[in-house]
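Enquirer: Pasting my_file-v1.txt below, which is compact mmCIF, C-alpha atoms.
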# COMPACT_ATOMS: atom_id res chain seq x y z
CA MET A 213 31.52 14.39 -53.99
CA THR A 214 30.59 12.60 -50.77
CA TYR A 215 30.37 9.26 -52.52
CA ILE A 216 33.72 9.76 -54.27
CA GLU A 217 35.45 10.85 -51.07
CA GLY A 218 34.01 7.83 -49.25
CA ALA A 219 35.19 5.54 -52.04
CA VAL A 220 38.67 7.03 -51.98
CA GLY A 221 38.78 6.74 -48.19
CA GLU A 222 37.80 3.08 -48.37
CA ALA A 223 40.43 2.44 -51.03
CA ALA A 224 43.10 4.14 -48.96
CA ALA A 225 42.34 1.95 -45.94
CA PRO A 226 44.78 -0.92 -45.40
CA SER A 227 43.65 -4.33 -46.53
CA GLY A 228 42.04 -6.51 -43.84
CA THR A 229 40.82 -3.57 -41.75
CA LEU A 230 37.44 -1.89 -41.63
CA PRO A 231 37.08 1.88 -41.83
CA GLU A 232 36.24 3.54 -38.52
CA PRO A 233 32.57 4.53 -38.22
CA PRO A 234 31.94 8.24 -38.05
CA ARG A 235 31.72 9.61 -34.50
CA ARG A 236 28.27 10.69 -33.50
CA THR A 237 28.15 13.92 -31.59
CA GLU A 238 25.26 14.80 -29.30
CA SER A 239 23.15 17.52 -30.76
CA ALA A 240 22.54 20.75 -28.90
CA TRP A 241 18.83 20.13 -28.48
CA ARG A 242 19.47 16.76 -26.85
CA ARG A 243 21.84 18.36 -24.34
CA ARG A 244 19.27 21.07 -23.63
CA ASP A 245 16.54 18.46 -23.27
CA ARG A 246 18.67 16.51 -20.78
CA ARG A 247 19.30 19.63 -18.71
CA TRP A 248 15.56 20.37 -18.56
CA GLY A 249 14.95 16.76 -17.53
CA TYR A 250 17.43 17.07 -14.65
CA LEU A 251 15.77 20.35 -13.66
CA PHE A 252 12.31 18.78 -13.40
CA VAL A 253 13.48 15.56 -11.74
CA GLY A 254 15.83 17.38 -9.35
CA PRO A 255 13.24 18.43 -6.71
CA GLN A 256 11.89 14.89 -6.51
CA LEU A 257 15.37 13.42 -6.15
CA ILE A 258 16.28 15.95 -3.47
CA GLY A 259 13.06 15.28 -1.58
CA MET A 260 13.60 11.53 -1.76
CA ALA A 261 17.17 11.88 -0.57
CA VAL A 262 16.23 14.13 2.36
CA PHE A 263 13.00 12.45 3.50
CA VAL A 264 13.57 8.79 2.48
CA VAL A 265 17.20 7.84 1.90
CA LEU A 266 18.78 9.80 4.77
CA PRO A 267 16.17 8.74 7.39
CA PHE A 268 16.50 5.13 6.27
CA ALA A 269 20.28 5.28 6.56
CA ALA A 270 19.97 6.92 9.98
CA SER A 271 17.58 4.20 11.17
CA LEU A 272 20.06 1.54 10.06
CA VAL A 273 22.77 3.22 12.12
CA LEU A 274 20.56 3.79 15.17
CA ALA A 275 19.32 0.19 15.11
CA PHE A 276 22.78 -0.88 16.30
CA ALA A 277 23.28 1.96 18.78
CA ARG A 278 21.90 3.44 22.00
CA TRP A 279 20.89 7.08 21.74
CA ASP A 280 18.24 9.23 23.44
CA GLY A 281 18.68 12.31 21.24
CA LEU A 282 20.90 14.18 23.73
CA SER A 283 23.71 11.95 24.93
CA ASP A 284 26.54 10.52 22.87
CA LEU A 285 25.92 7.64 20.47
CA GLU A 286 26.89 4.27 21.94
CA TRP A 287 27.28 1.17 19.79
CA VAL A 288 25.52 -1.88 21.21
CA GLY A 289 25.49 -4.29 18.26
CA PHE A 290 22.39 -6.51 18.10
CA GLU A 291 21.27 -5.65 21.62
CA ASN A 292 18.34 -3.57 20.37
CA PHE A 293 17.06 -6.43 18.24
CA SER A 294 17.40 -8.99 21.02
CA SER A 295 15.62 -6.71 23.48
CA GLN A 296 12.80 -6.13 21.00
CA PHE A 297 12.32 -9.84 20.35
CA GLN A 298 12.01 -10.31 24.11
CA ASP A 299 9.55 -7.43 24.44
CA GLY A 300 5.96 -8.63 24.74
CA LEU A 301 4.65 -5.32 23.41
CA LEU A 302 6.41 -5.91 20.08
CA TRP A 303 4.75 -9.31 19.63
CA ARG A 304 1.39 -7.87 20.69
CA SER A 305 1.85 -5.10 18.14
CA ILE A 306 2.75 -7.56 15.37
CA ILE A 307 -0.28 -9.75 16.16
CA ASN A 308 -2.62 -6.74 16.17
CA THR A 309 -1.18 -5.46 12.90
CA LEU A 310 -1.52 -8.85 11.20
CA LEU A 311 -5.10 -9.17 12.48
CA ILE A 312 -5.95 -5.77 10.99
CA ALA A 313 -4.43 -6.81 7.65
CA ILE A 314 -6.11 -10.24 7.62
CA ILE A 315 -9.52 -8.73 8.43
CA THR A 316 -9.48 -5.56 6.33
CA VAL A 317 -7.84 -6.75 3.11
CA PRO A 318 -10.19 -9.64 2.15
CA ILE A 319 -13.34 -7.87 3.34
CA GLY A 320 -12.36 -4.55 1.78
CA LEU A 321 -11.44 -6.04 -1.59
CA GLY A 322 -14.52 -8.28 -1.61
CA LEU A 323 -16.86 -5.34 -0.95
CA ALA A 324 -15.06 -3.28 -3.59
CA VAL A 325 -15.56 -5.98 -6.24
CA ILE A 326 -19.27 -6.32 -5.39
CA ILE A 327 -19.85 -2.56 -5.50
CA ALA A 328 -17.86 -2.22 -8.74
CA VAL A 329 -19.97 -4.92 -10.42
CA ALA A 330 -23.13 -3.16 -9.24
CA LEU A 331 -21.96 0.25 -10.45
CA GLU A 332 -20.94 -1.16 -13.83
CA LYS A 333 -24.60 -1.84 -14.63
CA LEU A 334 -25.58 1.79 -14.00
CA LYS A 335 -25.61 4.29 -16.85
CA THR A 336 -24.88 7.29 -14.62
CA ARG A 337 -22.50 6.45 -11.80
CA THR A 338 -20.64 9.72 -11.25
CA LEU A 339 -22.46 10.64 -8.06
CA TYR A 340 -21.87 7.20 -6.54
CA LEU A 341 -18.17 7.30 -7.44
CA VAL A 342 -17.84 10.71 -5.79
CA LEU A 343 -19.56 9.45 -2.62
CA PHE A 344 -17.41 6.31 -2.43
CA PHE A 345 -14.19 8.16 -3.24
CA ALA A 346 -14.74 11.07 -0.83
CA PRO A 347 -13.22 9.25 2.20
CA VAL A 348 -10.05 8.55 0.19
CA VAL A 349 -9.28 12.25 -0.28
CA THR A 350 -10.45 13.20 3.21
CA SER A 351 -7.86 13.64 5.94
CA THR A 352 -7.38 10.47 7.97
CA VAL A 353 -7.40 12.50 11.16
CA ALA A 354 -10.79 14.01 10.28
CA VAL A 355 -12.15 10.57 9.39
CA ALA A 356 -10.94 9.09 12.68
CA MET A 357 -12.42 11.95 14.70
CA ILE A 358 -15.81 11.56 13.02
CA TRP A 359 -15.84 7.82 13.66
CA GLN A 360 -14.71 8.42 17.21
CA GLN A 361 -17.93 10.34 17.82
CA MET A 362 -19.97 7.63 16.09
CA PHE A 363 -18.43 4.91 18.27
CA ARG A 364 -19.31 6.66 21.53
CA ALA A 365 -21.81 4.98 23.84
CA ASP A 366 -24.41 7.58 22.81
CA GLY A 367 -23.19 7.70 19.21
CA VAL A 368 -24.97 6.60 16.04
CA MET A 369 -23.40 3.13 15.85
CA SER A 370 -24.04 2.18 19.47
CA ALA A 371 -27.54 3.66 19.56
CA THR A 372 -28.56 1.88 16.34
CA ILE A 373 -27.28 -1.51 17.52
CA SER A 374 -28.95 -0.98 20.90
CA LYS A 375 -32.34 -0.27 19.30
CA ILE A 376 -32.18 -3.09 16.75
CA PHE A 377 -31.03 -5.86 19.09
CA GLY A 378 -32.42 -4.48 22.36
CA ILE A 379 -29.09 -4.62 24.19
CA ALA A 380 -26.94 -2.16 26.07
CA PRO A 381 -24.91 0.15 23.84
CA PRO A 382 -21.55 -1.51 23.10
CA ASP A 383 -18.41 0.25 24.28
CA TRP A 384 -16.53 0.17 20.98
CA LEU A 385 -13.45 2.08 22.08
CA GLY A 386 -13.34 0.87 25.69
CA ASP A 387 -13.79 -2.86 25.20
CA PRO A 388 -10.56 -4.66 24.12
CA ARG A 389 -12.64 -7.14 22.10
CA LEU A 390 -14.37 -4.39 20.09
CA ALA A 391 -11.64 -1.75 19.79
CA LEU A 392 -9.70 -3.64 17.12
CA ILE A 393 -12.93 -4.29 15.19
CA ALA A 394 -13.64 -0.55 15.30
CA VAL A 395 -10.22 0.16 13.79
CA CYS A 396 -10.90 -2.40 11.05
CA ILE A 397 -14.27 -0.81 10.24
CA VAL A 398 -12.71 2.63 9.82
CA THR A 399 -9.87 1.21 7.72
CA ILE A 400 -12.23 -0.63 5.37
CA TRP A 401 -14.52 2.38 5.00
CA SER A 402 -11.72 4.84 4.28
CA SER A 403 -10.02 2.69 1.60
CA LEU A 404 -13.13 1.27 -0.09
CA GLY A 405 -13.57 4.04 -2.65
CA LEU A 406 -10.12 3.69 -4.18
CA ASN A 407 -10.53 -0.05 -4.68
CA VAL A 408 -13.99 0.46 -6.19
CA VAL A 409 -12.60 2.85 -8.80
CA ILE A 410 -9.72 0.49 -9.64
CA PHE A 411 -11.97 -2.57 -9.97
CA LEU A 412 -14.55 -0.65 -12.00
CA ALA A 413 -11.84 0.38 -14.46
CA GLY A 414 -10.72 -3.25 -14.68
CA LEU A 415 -14.26 -4.49 -15.36
CA GLN A 416 -14.76 -1.93 -18.09
CA ASN A 417 -11.51 -3.06 -19.71
CA ILE A 418 -12.85 -6.61 -20.23
CA SER A 419 -13.82 -7.18 -23.86
CA PRO A 420 -17.62 -7.32 -24.34
CA ALA A 421 -17.09 -9.97 -27.04
CA VAL A 422 -15.85 -12.44 -24.40
CA ILE A 423 -18.91 -11.86 -22.22
CA GLU A 424 -21.24 -12.14 -25.21
CA ALA A 425 -19.64 -15.39 -26.33
CA ALA A 426 -20.15 -16.85 -22.84
CA ARG A 427 -23.81 -15.82 -22.87
CA ILE A 428 -24.31 -17.46 -26.26
CA ASP A 429 -22.86 -20.66 -24.82
CA GLY A 430 -25.50 -20.54 -22.10
CA ALA A 431 -23.43 -19.22 -19.16
CA GLY A 432 -25.41 -17.41 -16.47
CA ALA A 433 -24.48 -14.23 -14.63
CA TRP A 434 -22.77 -16.08 -11.77
CA ARG A 435 -20.79 -18.36 -14.12
CA ILE A 436 -19.69 -15.37 -16.20
CA PHE A 437 -18.51 -13.54 -13.09
CA TRP A 438 -16.75 -16.52 -11.50
CA SER A 439 -15.18 -18.04 -14.64
CA ILE A 440 -14.54 -14.98 -16.82
CA ARG A 441 -14.72 -11.64 -15.04
CA LEU A 442 -12.90 -12.62 -11.86
CA PRO A 443 -10.00 -14.45 -13.60
CA LEU A 444 -9.53 -11.51 -15.99
CA LEU A 445 -9.68 -9.21 -12.95
CA SER A 446 -7.12 -11.26 -10.99
CA PRO A 447 -4.06 -9.08 -11.90
CA ILE A 448 -5.86 -6.06 -10.45
CA VAL A 449 -6.92 -8.08 -7.39
CA PHE A 450 -3.29 -9.10 -6.88
CA PHE A 451 -2.04 -5.52 -7.21
CA SER A 452 -4.70 -4.18 -4.85
CA SER A 453 -4.03 -6.92 -2.28
CA VAL A 454 -0.30 -6.16 -2.21
CA VAL A 455 -0.92 -2.43 -1.79
CA ALA A 456 -3.63 -3.03 0.83
CA PHE A 457 -1.45 -5.39 2.87
CA ILE A 458 1.46 -2.93 2.90
CA SER A 459 -0.91 -0.11 3.86
CA SER A 460 -2.43 -2.21 6.67
CA LEU A 461 1.01 -3.01 8.06
CA GLN A 462 1.64 0.74 8.30
CA THR A 463 -1.56 1.54 10.23
CA PHE A 464 -0.88 4.38 12.66
CA ASP A 465 -2.89 7.58 12.29
CA THR A 466 -6.27 5.87 12.62
CA VAL A 467 -5.20 4.15 15.86
CA TYR A 468 -3.47 7.27 17.19
CA VAL A 469 -6.58 9.44 16.81
CA LEU A 470 -9.37 6.89 17.33
CA VAL A 471 -8.13 5.39 20.62
CA ALA A 472 -5.67 6.60 23.24
CA ASN A 473 -2.22 5.04 23.68
CA GLY A 474 -3.01 1.97 21.58
CA GLY A 475 -5.59 0.91 24.12
CA PRO A 476 -7.57 -0.40 25.72
CA ASP A 477 -5.09 -2.87 27.19
CA ASN A 478 -2.90 -2.47 24.05
CA ALA A 479 -5.68 -4.08 22.00
CA THR A 480 -5.10 -1.66 19.09
CA ARG A 481 -1.36 -1.18 19.46
CA THR A 482 0.13 -1.62 15.98
CA ILE A 483 3.79 -2.03 15.14
CA VAL A 484 4.05 1.50 13.72
CA TYR A 485 2.50 2.88 16.90
CA HIS A 486 5.01 0.75 18.82
CA ILE A 487 7.84 2.38 16.84
CA TYR A 488 6.39 5.83 17.53
CA ASP A 489 5.96 5.11 21.24
CA LEU A 490 9.56 3.92 21.62
CA GLY A 491 11.07 6.80 19.67
CA PHE A 492 8.96 9.81 20.60
CA GLY A 493 7.32 8.57 23.81
CA ARG A 494 10.31 7.02 25.57
CA PHE A 495 13.11 8.57 23.45
CA GLU A 496 14.64 5.13 22.89
CA PHE A 497 15.69 5.68 19.29
CA GLY A 498 17.80 2.54 19.11
CA PRO A 499 14.99 0.05 19.90
CA SER A 500 12.61 2.16 17.82
CA SER A 501 14.90 1.88 14.79
CA ALA A 502 15.32 -1.85 15.39
CA ALA A 503 11.53 -2.26 15.43
CA SER A 504 11.30 -0.35 12.15
CA ILE A 505 13.81 -2.72 10.56
CA ILE A 506 11.74 -5.65 11.84
CA LEU A 507 8.68 -4.09 10.20
CA LEU A 508 10.61 -3.74 6.94
CA ILE A 509 11.62 -7.41 7.02
CA LEU A 510 8.06 -8.46 7.86
CA THR A 511 6.71 -6.42 4.94
CA LEU A 512 9.23 -7.94 2.54
CA ILE A 513 8.37 -11.47 3.69
CA ILE A 514 4.62 -10.98 3.27
CA THR A 515 5.07 -9.32 -0.13
CA ALA A 516 7.37 -12.14 -1.28
CA ILE A 517 4.75 -14.70 -0.21
CA GLN A 518 2.11 -12.82 -2.20
CA PHE A 519 4.30 -12.70 -5.30
CA GLY A 520 5.02 -16.40 -4.95
CA ALA A 521 1.33 -17.27 -4.58
CA GLN A 522 0.20 -15.08 -7.47
CA LYS A 523 1.35 -17.72 -9.97
CA LYS A 524 -1.53 -19.94 -8.85
CA PHE A 525 -4.45 -17.52 -9.03
CA VAL A 526 -3.40 -14.62 -11.27
CA HIS A 527 -4.29 -15.11 -14.93
CA TYR A 528 -2.94 -12.75 -17.55
CA GLU A 529 -4.38 -12.37 -21.02
CA GLU A 530 -1.09 -13.49 -22.57
CA ASP A 531 -1.33 -16.78 -20.63
CA ALA A 532 -4.92 -17.27 -21.75
CA ALA A 533 -3.97 -16.61 -25.37
Can you present the structure in this file as structure tokens?
Expert:
Amino acid sequence: MTYIEGAVGEAAAPSGTLPEPPRRTESAWRRRDRRWGYLFVGPQLIGMAVFVVLPFAASLVLAFARWDGLSDLEWVGFENFSSQFQDGLLWRSIINTLLIAIITVPIGLGLAVIIAVALEKLKTRTLYLVLFFAPVVTSTVAVAMIWQQMFRADGVMSATISKIFGIAPPDWLGDPRLALIAVCIVTIWSSLGLNVVIFLAGLQNISPAVIEAARIDGAGAWRIFWSIRLPLLSPIVFFSSVVAFISSLQTFDTVYVLVANGGPDNATRTIVYHIYDLGFGRFEFGPSSAASIILLILTLIITAIQFGAQKKFVHYEEDAA
């Protein structure tokens, strides 16, 4: 009957026109599935709107205004940006932040690759992974407080260096030349475990047939690592470097707990600490918001440079094929 009715309907249609396709109605289970999807995604969307979108929109507004949290909002245009660019503390904060990123990212990723290669050769590596990953899941405040005690003049670090080299214990947190290095040490130590796990997973994903073929051709361990493992690991290195750079540009809690007021002599004052000091130390929310926009632009520029440079050193398996 269906075929006959369809045939009759086609015959009844005017010549030169096509019959209209049947309308598809959404089934009840699809509508129910969509409602459940909205229900599960809803809390995340609400949280993002309240804690990300609204604060970002407020910072955009405050960047062009003068407001101390109590008085009326006063529009000042680009005055906050011009005052920040003339502020020496902003440039000192940017330089310190870039130094932290330049020091911690290459050293941290390099150590992570070396440790991952070493762990790959072990049959049982669970205990080592737990030990390396423990700082990642530990509170940053707790980590900074522990290292603060270690960096004291009578702490483990200073006492060990004093005994080995026969010199006076270094003042890690009081010397402007050593304070930034202390922050870099804590940053590298606290993020090392995550990079080790990521690189170890990448090494285990490399096909053993490729390594075996290189060994048959006479390649040594160093040649295999430099010419095969590292190029195949380059997408993960690129991803980790982007994430590490962004994380380094947002350094705050380690500096806030480890040293006082970004000292000594603003040697550890980062741009996020500068934003915090302006907003919640001086209640200058306009300049603080302007500095946060400057940080956003700086992050976008550095990330764009990394994405532009990745074409020269990142090798994907599709390109190799």
Enquirer: Excluding range 368-375 of chain A and any residue of its chain fewer than 6 positions from it, enumerate the residues within 12 Å of it, using all atoms listed in the file, and give them as a PyMOL selection string.
Expert: chain A and resi 358-362+381-385+390+394+397
Enquirer: Could you name the residues that touch Ala472 in chain A at 12 Å or less, counting only C-alpha atoms, but leaving out those on the same chain fewer than 2 positions away, as JSON, numbers by chain?
Expert: {"A": [360, 385, 386, 391, 464, 465, 466, 467, 468, 469, 470, 474, 475, 476, 477, 478, 479, 480, 481, 485, 489]}
Enquirer: Between CA of Pro447 in chain A and CA of Gly414 in chain A, measure the distance and give it in Å to one decimal.
Expert: 9.3 Å
Enquirer: My list of candidates is A:Leu490, A:Ile418, A:Ala356, A:Val253. Which is closest to Trp401 in chain A when distances are computed with only C-alpha atoms?
Expert: A:Ala356
Enquirer: Which residues, written as a list of chain:residue names, have at least one atom at most 8 Å from Phe293 in chain A, with all atoms listed in the file counted and residues fewer than 5 positions away on the same chain left out?
Expert: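 The contact residues come out as A:Ala275, A:Pro499, A:Ala502, A:Ala503.
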Enquirer: Would you put the residues from that selection into a file with C-alpha atoms, as a PDB file, keeping the file's coordinate frame?
Expert:
ATOM      1  CA  ALA A 275      19.320   0.190  15.110  1.00  0.00           C
ATOM      2  CA  PRO A 499      14.990   0.050  19.900  1.00  0.00           C
ATOM      3  CA  ALA A 502      15.320  -1.850  15.390  1.00  0.00           C
ATOM      4  CA  ALA A 503      11.530  -2.260  15.430  1.00  0.00           C
TER       5      ALA A 503
END
Enquirer: Please, what distance in Å, to one decimal, runs between CA of Gly405 in chain A and CA of Leu341 in chain A?
Expert: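 Going from CA of Gly405 in chain A over to CA of Leu341 in chain A, I get 7.4 Å.
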Enquirer: Mind running range 452-482 of chain A against range 303-321 of chain A at 9 Å and telling me each contacting residue's nearest atom pair with the distance in Å (one decimal), counting all atoms listed in the file, chain and number ascending, as a tab-separated table?
Expert:
residue	atom	partner	partner_atom	distance
A:Ser452	CA	A:Leu321	CA	7.7
A:Ser453	CA	A:Val317	CA	6.6
A:Ala456	CA	A:Val317	CA	6.1
A:Phe457	CA	A:Ala313	CA	5.8
A:Ile458	CA	A:Ala313	CA	8.5
A:Ser459	CA	A:Ala313	CA	8.5
A:Ser460	CA	A:Ala313	CA	5.1
A:Leu461	CA	A:Thr309	CA	5.9
A:Gln462	CA	A:Thr309	CA	8.2
A:Thr463	CA	A:Thr309	CA	7.5
A:Asn478	CA	A:Arg304	CA	7.7
A:Ala479	CA	A:Asn308	CA	7.1
A:Thr480	CA	A:Asn308	CA	6.4
A:Arg481	CA	A:Ser305	CA	5.2
A:Thr482	CA	A:Ser305	CA	4.4
Enquirer: Write out as a PyMOL selection string each polymer residue whose atoms come within 12 Å of Phe290 in chain A, counting only C-alpha atoms; drop sequence neighbours fewer than 6 positions from it.
Expert: chain A and resi 272-278+296-297+498-499+501-503
Enquirer: What is the distance between CA of Phe495 in chain A and CA of Asp280 in chain A, in Å to one decimal?
Expert: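 Going from CA of Phe495 in chain A over to CA of Asp280 in chain A, I get 5.2 Å.
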Enquirer: Between A:Leu444, A:Ala421, A:Ala431, A:Ala324, single out the one closest to Ser402 in chain A, counting all atoms listed in the file.
Expert: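 Closest candidate: A:Ala324.
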Enquirer: Tell me which protein, DNA and RNA residues are within 8 Å of Gly281 in chain A, counting only C-alpha atoms, leaving out same-chain ones fewer than 2 positions away, and put them as a VMD selection string.
Expert: chain A and resid 279 283 495 497
